[in-house]
Every structure is written in C-alpha cells, then in structure tokens.
Amino acid sequence: MPAVTKPGPNDLESYWLPFTPNRAFKQAPRLFARAKDMHYFTAEGRAVLDGTAGLWCSNAGHCRDPIVAAIQRQAEELDYSPAFQFAHPQAFELANRIAALAPGDLNRVFFCNSGSEAVDTALKISLAYHQVRSEGARSRLIGRERGYHGTGFGGISVGGIVANRRSFGTLLTGVDHLPSTYSREHQAFTRGEPDWGAHLADELERIVALHDASTIAAVIVEPMAGSTGVLPPPKGYLQKLRAICDRHGILLIFDEVITGFGRLGCAFAAERYGVTPDMIVFAKGVTSGAVPMAGVIAADRIYTAFMRGPEHVIELFHGYTYSAHPLACAAGLAALDLYRDEKLFERAKALEAKWADAAMALQGLPGVLDIRTVGLTAGIDLAARAGSPGLRVYEAMKLAFAEGNLLIRVTGDTIALSPPLIVSEAQIDEMFDKVTRVINAVD
Ligand SMILES: Cc1ncc(COP(=O)(O)O)c(C=O)c1O
C-alpha cells in the first residue's frame with residue numbers, strides 16, 4: 001500500500017471536536033492521515049502503535065483489505081436503499097450472522113448507526129414492549145453509577161458519569177441507578193473478574209422494593225464497564241442481576257458496545273459469563289470501526305410481542321434513515337468473515353494471560369494505584385496531581401503519542417488499553433514498555 005502523505009490543514013477553527021479540549025488540541029493537534037493493521041500514521045508518516053483499537057472499535061485492525069474491498073464494491077453497486085418500507089439483501093444476511101453469534105433466543109436485530117442510538121433504541125423497545133403487553137406502568141429504567149451508555153438523552157439518563165450528565169438539564173425522569181461494582185479497597189490489582197462485589201447486584205432488590213417491580217421496565221448495564229476505566233464484573237454479579245430481573249419481570253439489557261465482537265475472548269460478554277440478557281446493544285466492532293453501525297439484538301419473544309394488529313400498520317415507530325446502510329452492512333459482513341477466518345475472538349482469549357501478565361508488571365511504578373484486566377483490555381489508575389484530576393493521564397496520553405509513538409486512551413485518572421485483536425505478543429511487550437516509560441516520565 002503506498003504511503004500517502006497529505007498536507008495538514010492550516011485552519012483548525014471550524015471543527016468542534018467531540019469529547020476533546022478544543023483550545024488545547026488546536027494549539028498542538030494530533031492528526032492521523034492513514035492507518036494499516038496495528039498502526040496509525042501521522043501526516044508526517046510517523047507510525048503510532050494502536051493501543052486502543054481506535055476507540056475500542058477496530059477489532060480486526062485497520063484498513064484490512066477484505067473490508068476495504070467490500071465497502072468499495074458496495075459503494076459501486078448500491079450506495080443507499082431506503083431503510084423504511086424497503087430493504088436490501090445484505091441487511092438480512094448481516095442480521096442473520098449477528099443473531100447466529102448471539103446467545104440463546106437473541107435472534108432479532110434492529111440496526112442503528114451509533115452506540116448511543118442503539119442504547120436509546122433498546123430503552124425505547126423496553127418501554128414499548130411492556131406497553132404492547134398491557135404492562136405500560138413499567139416505565140422506570142435502571143442504570144448504574146459509572147455506567148457509560150453513550151450521549152443520547154436516554155443513554156446519559158441511565159449512565160452514571162457525572163460530567164456527561166450535569167450540564168444537560170433534568171434528563172429522563174423515572175430513572176434509578178445501581179451502585180458501581182468497583183471498590184479499590186476490595187479489588188485492587190485483580191486479573192479478570194474480582195471475587196468481591198457480587199452482593200452489589202442485590203441493590204436491585206432494594207430499588208424494586210422502593211418503586212415496585214410493576215413500575216420497572218428494564219435494567220441496563222455494561223457487562224464490563226469500559227469507558228469509566230475498565231471495571232470487570234465481580235464473579236457472580238451478572239448472574240445475580242439476571243435472577244433478580246427474572247423474578248420481577250424486568251428486562252435485562254447488556255450494553256456490549258465495547259465488549260461485543262471479541263474484546264473479552266467471545267463474540268459477546270454474555271457468552272463469557274453464561275448470562276443471556278433480553279437485549280444486547282452492539283456497535284463499534286461490528287464493522288471493525290470501518291463504517292458507523294450499531295444495533296440491538298432482541299429476544300424472539302420481544303419481537304413477536306410487537307407482531308400484532310393489522311399487518312399494514314408499522315409495529316414499532318422507530319428507526320433511522322441510515323439503519324442497515326448498505327456500506328455498513330458490507331463492512332459488517334466482511335468484518336465478521338475476518339473474525340471467523342482469522343479466529344480473532346479465540347485469539348483474544350489465547351492472549352489474555354500474556355496480556356494480563358504484561359499489564360500487571362506495571363504494579364509498583366510511580367503513582368500506579370490499581371490495574372485491572374479482562375480479555376484484551378486493561379485499566380491503569382494513576383494518582384491524580386493535587387487539585388488537577390485527569391491532568392497526569394492527559395500528559396501521559398500526549399507524551400505517548402508525541403514521543404512513545406503509542407496511542408493510549410485516558411478517562412478520568414485511568415489509562416485504558418484495548419488493542420486490535422490482531423496484536424502480536426511482541427507488540428503487547430512493546431505497548432507495555434512504552435506505557436512504563438510514559439508512566440515514569442509523568443511522575
Ligand atoms: C458501553 C457503551 N455504550 C454506548 C457507547 C456509545 O457509542 P457511540 O459513541 O457510538 O454513540 C459507548 C461508546 O464508547 C460505549 O462504550
């Protein structure tokens with residue numbers, strides 16, 4: 001592949017960057033011009049090792065030839081087909097392939113374009129599902145502290161990250177939150193799922209006792225809370241949540257936007273934990289990040305509950321212009337082929353022990369307060385600089401990019417790592433060597 005070096009832009013003013021300090025960024029921009037496999041390349045041609053699969057999404061690595069070719073072919077053949085009242089064959093094919101990967105009776109796929117849309121879709125399906133079954137009083141939604149479910153109003157309402165909520169009014173009403181599953185005191189430096197914390201699922205019983213089950217529609221959690229800094233679920237926690245939801249007729253939604261498509265060594269975290277929710281929210285890895293796509297996988301009985309009334313009447317008044325966009329479906333089918341043919345989910349599982357060893361070796365470095373790993377993810381908490389939360393890891397991210405040629409993600413006071421699943425053992429070593437140097441440098 002030719003190395004195309006494009007000139008950098010000379011005016012950065014118009015673009016308002018998301019989740020980025022714009023003024024600081026525009027003084028010292030970090031721009032990528034191209035990518036291949038495990039690396040990004042800056043406009044100057046500098047290779048940067050991708051420690052984060054973009055934003056937890058490029059699970060098959062970057063610009064993989066079969067995905068690129070599939071998108072190109074699709075763009076020539078059918079650029080767009082109306083999403084309402086019409087469809088195209090690849091939408092059905094991809095839905096079937098995703099349903100085949102999902103556990104149990106999760107066989108019905110509703111397509112969206114972003115994790116945020118998919119979260120709101122799952123919440124809306126929950127509310128409407130109870131309505132069509134004449135249990136419309138079930139309107140409360142339960143999320144979790146430190147949860148991240150995107151940035152739509154539904155997602156930030158059930159989400160539990162204060163900075164994402166405090167500026168945006170009263171949000172959805174009738175929302176309650178489970179406590180976060182994280183306790184440094186009881187869990188620090190655990191590989192995989194911590195032993196302590198399953199009892200925190202019992203808080204759902206307290207919430208049910210407060211509001212009554214007849215008012216609660218759904219509980220939504222990330223099986224592994226990613227964006228808040230990699231919090232694997234305590235052993236037995238998700239099983240308990242499932243049991244309590246079953247007891248009270250409450251739908252359980254797993255937001256697998258990060259954990260889906262191999263990140264934890266299985267197609268979905270639901271499989272890793274042996275817990276089948278009523279809906280799975282997916283995004284990111286479905287196309288390996290190559291084209292925006294997301295969706296909700298719903299249990300058969302949820303879909304069939306809507307299939308009533310006159311047949312010419314729309315059953316669910318919801319959807320997006322770009323639901324099941326042809327380019328996204330083409331990219332999704334090619335990505336799923338790659339995951340299967342290169343056994344990338346199995347690869348993530350096989351690398352998990354090596355990955356955890358390499359991450360845990362950072363224990364004892366200056367300021368490292370905790371390290372958590374699960375699948376091919378790691379969260380490394382650094383002590384905050386006095387009075388400036390987030391500054392130390394922000395410096396670490398900038399330094400890793402500028403001098404370490406490494407892309408890391410930072411959130412709160414945590415460095416989060418989640419490489420493409422094609423990462424080699426040598427690249428894992430390289431990644432943690434570089435992180436070690438960076439952590440020492442920001443001491
Ligand atoms: C668990 C989870 N849900 C939802 C989202 C939102 O996805 P998007 O940014 O595509 O809207 C994210 C994004 O990181 C996520 O991690």
# chains A, B, ... in the order shown; residues from 1 in each chain; ligands from 1
$ residues_around --residues "segment 86-100 of chain A" --least-positions-apart "3" --cutoff "6 Å" --atoms "only C-alpha atoms" --output "number ranges by chain"
A: 82-83, 107, 109, 324, 329, 333
$ write_last_selection --atoms "C-alpha atoms" --output "PDB file, in the first residue's frame"
ATOM      1  CA  PRO A  82     -34.389   3.436   1.884  1.00  0.00           C
ATOM      2  CA  ALA A  83     -34.454   1.997   5.359  1.00  0.00           C
ATOM      3  CA  ASN A 107     -32.365 -13.536  17.161  1.00  0.00           C
ATOM      4  CA  VAL A 109     -31.590  -7.396  15.052  1.00  0.00           C
ATOM      5  CA  ALA A 324     -28.674  -1.028   7.908  1.00  0.00           C
ATOM      6  CA  CYS A 329     -23.681  -3.974   6.071  1.00  0.00           C
ATOM      7  CA  LEU A 333     -20.201  -8.926   6.688  1.00  0.00           C
TER       8      LEU A 333
END
$ residues_near_ligand --ligand "ligand 1" --cutoff "9 Å" --atoms "only C-alpha atoms and all ligand atoms" --output "compact mmCIF listing (two decimals) with N, CA, C and O atoms, in the first residue's frame"
# COMPACT_ATOMS: atom_id res chain seq x y z
N LEU A 55 -11.18 3.70 18.89
CA LEU A 55 -11.95 3.94 20.13
C LEU A 55 -12.64 2.64 20.49
O LEU A 55 -13.86 2.55 20.42
N TRP A 56 -11.90 1.62 20.78
CA TRP A 56 -12.42 0.29 21.13
C TRP A 56 -13.16 -0.35 19.96
O TRP A 56 -14.05 -1.17 20.18
N CYS A 57 -12.85 0.05 18.74
CA CYS A 57 -13.72 -0.42 17.66
C CYS A 57 -13.02 -1.22 16.57
O CYS A 57 -13.62 -2.11 15.97
N ASN A 113 -26.93 3.45 13.98
CA ASN A 113 -25.65 3.93 13.44
C ASN A 113 -24.59 4.23 14.49
O ASN A 113 -23.45 4.47 14.15
N SER A 114 -24.99 4.26 15.74
CA SER A 114 -24.02 4.55 16.79
C SER A 114 -24.47 3.83 18.05
O SER A 114 -25.66 3.49 18.19
N GLY A 115 -23.52 3.66 18.95
CA GLY A 115 -23.88 3.04 20.21
C GLY A 115 -24.95 3.83 20.94
O GLY A 115 -25.85 3.27 21.56
N SER A 116 -24.85 5.16 20.86
CA SER A 116 -25.83 6.00 21.56
C SER A 116 -27.24 5.75 21.02
O SER A 116 -28.20 5.63 21.78
N GLU A 117 -27.35 5.69 19.71
CA GLU A 117 -28.67 5.41 19.10
C GLU A 117 -29.15 4.02 19.52
O GLU A 117 -30.34 3.82 19.77
N ALA A 118 -28.24 3.08 19.55
CA ALA A 118 -28.64 1.71 19.86
C ALA A 118 -29.10 1.59 21.32
O ALA A 118 -30.05 0.87 21.63
N VAL A 119 -28.43 2.32 22.21
CA VAL A 119 -28.87 2.33 23.62
C VAL A 119 -30.27 2.90 23.71
O VAL A 119 -31.17 2.31 24.34
N GLY A 147 -21.71 3.97 34.86
CA GLY A 147 -22.03 3.36 33.56
C GLY A 147 -21.88 4.38 32.45
O GLY A 147 -22.08 5.58 32.65
N TYR A 148 -21.51 3.90 31.25
CA TYR A 148 -21.49 4.76 30.07
C TYR A 148 -22.35 4.13 29.00
O TYR A 148 -22.10 2.99 28.59
N HIS A 149 -23.35 4.85 28.57
CA HIS A 149 -24.24 4.33 27.53
C HIS A 149 -24.42 5.34 26.42
O HIS A 149 -25.52 5.52 25.89
N GLY A 150 -23.32 6.03 26.07
CA GLY A 150 -23.39 7.00 25.00
C GLY A 150 -23.96 8.32 25.47
O GLY A 150 -24.11 8.57 26.67
N THR A 151 -24.32 9.15 24.49
CA THR A 151 -24.60 10.55 24.80
C THR A 151 -26.01 11.01 24.42
O THR A 151 -26.29 12.20 24.47
N GLY A 152 -26.87 10.10 24.00
CA GLY A 152 -28.28 10.47 23.81
C GLY A 152 -28.92 10.72 25.16
O GLY A 152 -28.36 10.37 26.21
N GLY A 155 -29.35 7.53 27.05
CA GLY A 155 -28.05 6.99 27.48
C GLY A 155 -27.45 7.76 28.65
O GLY A 155 -26.92 7.16 29.58
N VAL A 221 -26.89 -2.50 31.87
CA VAL A 221 -25.51 -2.43 32.38
C VAL A 221 -24.55 -2.83 31.26
O VAL A 221 -24.92 -3.57 30.35
N GLU A 222 -23.34 -2.32 31.37
CA GLU A 222 -22.25 -2.86 30.56
C GLU A 222 -21.73 -4.09 31.31
O GLU A 222 -21.43 -3.98 32.51
N PRO A 223 -21.60 -5.23 30.66
CA PRO A 223 -21.05 -6.39 31.39
C PRO A 223 -19.69 -6.05 31.98
O PRO A 223 -19.40 -6.39 33.13
N MET A 224 -18.85 -5.38 31.20
CA MET A 224 -17.59 -4.80 31.70
C MET A 224 -17.68 -3.31 31.42
O MET A 224 -17.82 -2.92 30.25
N ALA A 225 -17.66 -2.50 32.46
CA ALA A 225 -17.78 -1.06 32.25
C ALA A 225 -16.47 -0.55 31.66
O ALA A 225 -15.44 -0.56 32.33
N GLY A 226 -16.49 -0.13 30.40
CA GLY A 226 -15.26 0.21 29.70
C GLY A 226 -14.86 1.66 29.82
O GLY A 226 -13.76 1.99 30.28
N SER A 227 -15.78 2.55 29.44
CA SER A 227 -15.40 3.96 29.31
C SER A 227 -15.08 4.60 30.66
O SER A 227 -14.38 5.61 30.73
N THR A 228 -15.58 4.04 31.74
CA THR A 228 -15.28 4.59 33.06
C THR A 228 -13.93 4.09 33.57
O THR A 228 -13.52 4.45 34.66
N PHE A 254 -27.84 -5.85 28.12
CA PHE A 254 -26.37 -5.73 28.20
C PHE A 254 -25.94 -4.75 27.12
O PHE A 254 -26.22 -4.96 25.93
N ASP A 255 -25.27 -3.70 27.53
CA ASP A 255 -24.66 -2.78 26.57
C ASP A 255 -23.28 -3.34 26.24
O ASP A 255 -22.33 -3.18 27.01
N GLU A 256 -23.21 -3.98 25.07
CA GLU A 256 -21.96 -4.65 24.66
C GLU A 256 -21.27 -3.88 23.54
O GLU A 256 -20.63 -4.45 22.67
N VAL A 257 -21.43 -2.56 23.57
CA VAL A 257 -20.81 -1.73 22.54
C VAL A 257 -19.29 -1.94 22.53
O VAL A 257 -18.67 -1.98 21.47
N ILE A 258 -18.71 -2.10 23.71
CA ILE A 258 -17.27 -2.37 23.79
C ILE A 258 -16.99 -3.86 23.84
O ILE A 258 -16.06 -4.35 23.20
N THR A 259 -17.78 -4.58 24.62
CA THR A 259 -17.44 -5.99 24.87
C THR A 259 -17.82 -6.91 23.71
O THR A 259 -17.34 -8.04 23.64
N VAL A 281 -26.96 -4.60 23.18
CA VAL A 281 -26.66 -3.42 22.38
C VAL A 281 -25.24 -3.61 21.83
O VAL A 281 -24.33 -3.95 22.58
N PHE A 282 -25.09 -3.43 20.52
CA PHE A 282 -23.76 -3.58 19.93
C PHE A 282 -23.45 -2.38 19.04
O PHE A 282 -24.36 -1.64 18.64
N ALA A 283 -22.18 -2.19 18.72
CA ALA A 283 -21.75 -1.12 17.79
C ALA A 283 -20.31 -1.42 17.39
O ALA A 283 -19.95 -2.59 17.18
N LYS A 284 -19.51 -0.40 17.31
CA LYS A 284 -18.05 -0.46 17.15
C LYS A 284 -17.52 -1.65 16.35
O LYS A 284 -17.35 -1.60 15.14
N PRO A 292 -19.71 3.49 10.31
CA PRO A 292 -20.56 3.52 11.50
C PRO A 292 -21.71 2.52 11.40
O PRO A 292 -22.39 2.45 10.38
N MET A 293 -21.87 1.73 12.44
CA MET A 293 -23.01 0.82 12.53
C MET A 293 -23.19 0.38 13.97
O MET A 293 -22.21 0.28 14.72
N ALA A 294 -24.43 0.13 14.33
CA ALA A 294 -24.74 -0.33 15.68
C ALA A 294 -26.08 -1.03 15.61
O ALA A 294 -26.69 -1.11 14.54
$ closest_residue --among "A:Ser388, A:Thr287, A:Thr373, A:Ser14" --to "Pro194 of chain A" --atoms "only C-alpha atoms"
A:Thr373
$ closest_residue --among "A:Ala361, A:Ala163, A:Ala348, A:Ile439" --to "Leu382 of chain A" --atoms "only C-alpha atoms"
A:Ile439
$ closest_atom_pairs --of "segment 262-372 of chain A" --to "segment 182-185 of chain A" --cutoff "10 Å" --atoms "only C-alpha atoms" --output "JSON lines"
{"residue": "A:Leu369", "atom": "CA", "partner": "A:Arg184", "partner_atom": "CA", "distance": 8.5}
{"residue": "A:Asp370", "atom": "CA", "partner": "A:Arg184", "partner_atom": "CA", "distance": 7.3}
{"residue": "A:Ile371", "atom": "CA", "partner": "A:Arg184", "partner_atom": "CA", "distance": 9.8}
$ decode --residues "segment 226-239 of chain A" --atoms "all heavy atoms" --output "PDB file, in the first residue's frame"
ATOM      1  N   GLY A 226     -16.494  -0.129  30.403  1.00  0.00           N
ATOM      2  CA  GLY A 226     -15.256   0.209  29.699  1.00  0.00           C
ATOM      3  C   GLY A 226     -14.863   1.663  29.822  1.00  0.00           C
ATOM      4  O   GLY A 226     -13.764   1.992  30.280  1.00  0.00           O
ATOM      5  N   SER A 227     -15.778   2.550  29.436  1.00  0.00           N
ATOM      6  CA  SER A 227     -15.397   3.959  29.314  1.00  0.00           C
ATOM      7  C   SER A 227     -15.079   4.601  30.659  1.00  0.00           C
ATOM      8  O   SER A 227     -14.383   5.607  30.727  1.00  0.00           O
ATOM      9  CB  SER A 227     -16.515   4.750  28.633  1.00  0.00           C
ATOM     10  OG  SER A 227     -16.625   4.320  27.299  1.00  0.00           O
ATOM     11  N   THR A 228     -15.580   4.036  31.736  1.00  0.00           N
ATOM     12  CA  THR A 228     -15.282   4.587  33.057  1.00  0.00           C
ATOM     13  C   THR A 228     -13.926   4.094  33.569  1.00  0.00           C
ATOM     14  O   THR A 228     -13.516   4.449  34.661  1.00  0.00           O
ATOM     15  CB  THR A 228     -16.390   4.214  34.062  1.00  0.00           C
ATOM     16  OG1 THR A 228     -16.226   4.971  35.253  1.00  0.00           O
ATOM     17  CG2 THR A 228     -16.362   2.741  34.403  1.00  0.00           C
ATOM     18  N   GLY A 229     -13.255   3.242  32.787  1.00  0.00           N
ATOM     19  CA  GLY A 229     -11.905   2.872  33.185  1.00  0.00           C
ATOM     20  C   GLY A 229     -11.670   1.382  33.335  1.00  0.00           C
ATOM     21  O   GLY A 229     -10.774   0.976  34.069  1.00  0.00           O
ATOM     22  N   VAL A 230     -12.436   0.548  32.641  1.00  0.00           N
ATOM     23  CA  VAL A 230     -12.269  -0.915  32.645  1.00  0.00           C
ATOM     24  C   VAL A 230     -12.583  -1.501  34.030  1.00  0.00           C
ATOM     25  O   VAL A 230     -11.705  -1.658  34.873  1.00  0.00           O
ATOM     26  CB  VAL A 230     -10.858  -1.363  32.178  1.00  0.00           C
ATOM     27  CG1 VAL A 230     -10.737  -2.884  32.193  1.00  0.00           C
ATOM     28  CG2 VAL A 230     -10.539  -0.818  30.797  1.00  0.00           C
ATOM     29  N   LEU A 231     -13.853  -1.796  34.240  1.00  0.00           N
ATOM     30  CA  LEU A 231     -14.285  -2.411  35.504  1.00  0.00           C
ATOM     31  C   LEU A 231     -14.929  -3.758  35.187  1.00  0.00           C
ATOM     32  O   LEU A 231     -16.111  -3.830  34.850  1.00  0.00           O
ATOM     33  CB  LEU A 231     -15.308  -1.522  36.225  1.00  0.00           C
ATOM     34  CG  LEU A 231     -14.951  -0.047  36.418  1.00  0.00           C
ATOM     35  CD1 LEU A 231     -16.084   0.682  37.146  1.00  0.00           C
ATOM     36  CD2 LEU A 231     -13.647   0.101  37.196  1.00  0.00           C
ATOM     37  N   PRO A 232     -14.161  -4.846  35.283  1.00  0.00           N
ATOM     38  CA  PRO A 232     -14.754  -6.162  35.030  1.00  0.00           C
ATOM     39  C   PRO A 232     -15.818  -6.463  36.085  1.00  0.00           C
ATOM     40  O   PRO A 232     -15.723  -5.993  37.223  1.00  0.00           O
ATOM     41  CB  PRO A 232     -13.567  -7.135  35.162  1.00  0.00           C
ATOM     42  CG  PRO A 232     -12.346  -6.294  35.100  1.00  0.00           C
ATOM     43  CD  PRO A 232     -12.733  -4.946  35.613  1.00  0.00           C
ATOM     44  N   PRO A 233     -16.828  -7.244  35.727  1.00  0.00           N
ATOM     45  CA  PRO A 233     -17.884  -7.532  36.707  1.00  0.00           C
ATOM     46  C   PRO A 233     -17.379  -8.485  37.782  1.00  0.00           C
ATOM     47  O   PRO A 233     -16.641  -9.419  37.489  1.00  0.00           O
ATOM     48  CB  PRO A 233     -18.950  -8.231  35.860  1.00  0.00           C
ATOM     49  CG  PRO A 233     -18.190  -8.874  34.740  1.00  0.00           C
ATOM     50  CD  PRO A 233     -17.031  -7.962  34.448  1.00  0.00           C
ATOM     51  N   PRO A 234     -17.781  -8.275  39.034  1.00  0.00           N
ATOM     52  CA  PRO A 234     -17.431  -9.252  40.074  1.00  0.00           C
ATOM     53  C   PRO A 234     -18.001 -10.625  39.717  1.00  0.00           C
ATOM     54  O   PRO A 234     -19.045 -10.718  39.068  1.00  0.00           O
ATOM     55  CB  PRO A 234     -18.112  -8.693  41.324  1.00  0.00           C
ATOM     56  CG  PRO A 234     -18.322  -7.243  41.051  1.00  0.00           C
ATOM     57  CD  PRO A 234     -18.522  -7.128  39.573  1.00  0.00           C
ATOM     58  N   LYS A 235     -17.290 -11.661  40.147  1.00  0.00           N
ATOM     59  CA  LYS A 235     -17.766 -13.027  39.882  1.00  0.00           C
ATOM     60  C   LYS A 235     -19.183 -13.196  40.417  1.00  0.00           C
ATOM     61  O   LYS A 235     -19.445 -12.890  41.591  1.00  0.00           O
ATOM     62  CB  LYS A 235     -16.862 -14.047  40.570  1.00  0.00           C
ATOM     63  CG  LYS A 235     -15.519 -14.183  39.890  1.00  0.00           C
ATOM     64  CD  LYS A 235     -14.656 -15.255  40.551  1.00  0.00           C
ATOM     65  CE  LYS A 235     -13.277 -15.252  39.928  1.00  0.00           C
ATOM     66  NZ  LYS A 235     -12.187 -15.199  40.872  1.00  0.00           N
ATOM     67  N   GLY A 236     -20.077 -13.680  39.593  1.00  0.00           N
ATOM     68  CA  GLY A 236     -21.438 -13.970  40.029  1.00  0.00           C
ATOM     69  C   GLY A 236     -22.393 -12.788  39.964  1.00  0.00           C
ATOM     70  O   GLY A 236     -23.603 -12.951  40.118  1.00  0.00           O
ATOM     71  N   TYR A 237     -21.861 -11.588  39.719  1.00  0.00           N
ATOM     72  CA  TYR A 237     -22.697 -10.373  39.757  1.00  0.00           C
ATOM     73  C   TYR A 237     -23.765 -10.396  38.657  1.00  0.00           C
ATOM     74  O   TYR A 237     -24.955 -10.140  38.925  1.00  0.00           O
ATOM     75  CB  TYR A 237     -21.787  -9.152  39.600  1.00  0.00           C
ATOM     76  CG  TYR A 237     -22.510  -7.835  39.461  1.00  0.00           C
ATOM     77  CD1 TYR A 237     -22.861  -7.090  40.585  1.00  0.00           C
ATOM     78  CD2 TYR A 237     -22.833  -7.315  38.204  1.00  0.00           C
ATOM     79  CE1 TYR A 237     -23.523  -5.870  40.462  1.00  0.00           C
ATOM     80  CE2 TYR A 237     -23.492  -6.099  38.073  1.00  0.00           C
ATOM     81  CZ  TYR A 237     -23.828  -5.383  39.198  1.00  0.00           C
ATOM     82  OH  TYR A 237     -24.481  -4.182  39.066  1.00  0.00           O
ATOM     83  N   LEU A 238     -23.347 -10.689  37.434  1.00  0.00           N
ATOM     84  CA  LEU A 238     -24.307 -10.633  36.320  1.00  0.00           C
ATOM     85  C   LEU A 238     -25.358 -11.741  36.454  1.00  0.00           C
ATOM     86  O   LEU A 238     -26.530 -11.547  36.106  1.00  0.00           O
ATOM     87  CB  LEU A 238     -23.568 -10.741  34.984  1.00  0.00           C
ATOM     88  CG  LEU A 238     -22.633  -9.559  34.683  1.00  0.00           C
ATOM     89  CD1 LEU A 238     -21.781  -9.841  33.444  1.00  0.00           C
ATOM     90  CD2 LEU A 238     -23.424  -8.263  34.486  1.00  0.00           C
ATOM     91  N   GLN A 239     -24.940 -12.882  36.964  1.00  0.00           N
ATOM     92  CA  GLN A 239     -25.890 -13.981  37.197  1.00  0.00           C
ATOM     93  C   GLN A 239     -26.966 -13.533  38.192  1.00  0.00           C
ATOM     94  O   GLN A 239     -28.150 -13.829  38.024  1.00  0.00           O
ATOM     95  CB  GLN A 239     -25.158 -15.222  37.742  1.00  0.00           C
ATOM     96  CG  GLN A 239     -24.283 -15.938  36.727  1.00  0.00           C
ATOM     97  CD  GLN A 239     -22.911 -15.304  36.535  1.00  0.00           C
ATOM     98  OE1 GLN A 239     -22.631 -14.206  37.008  1.00  0.00           O
ATOM     99  NE2 GLN A 239     -22.036 -15.983  35.821  1.00  0.00           N
TER     100      GLN A 239
END
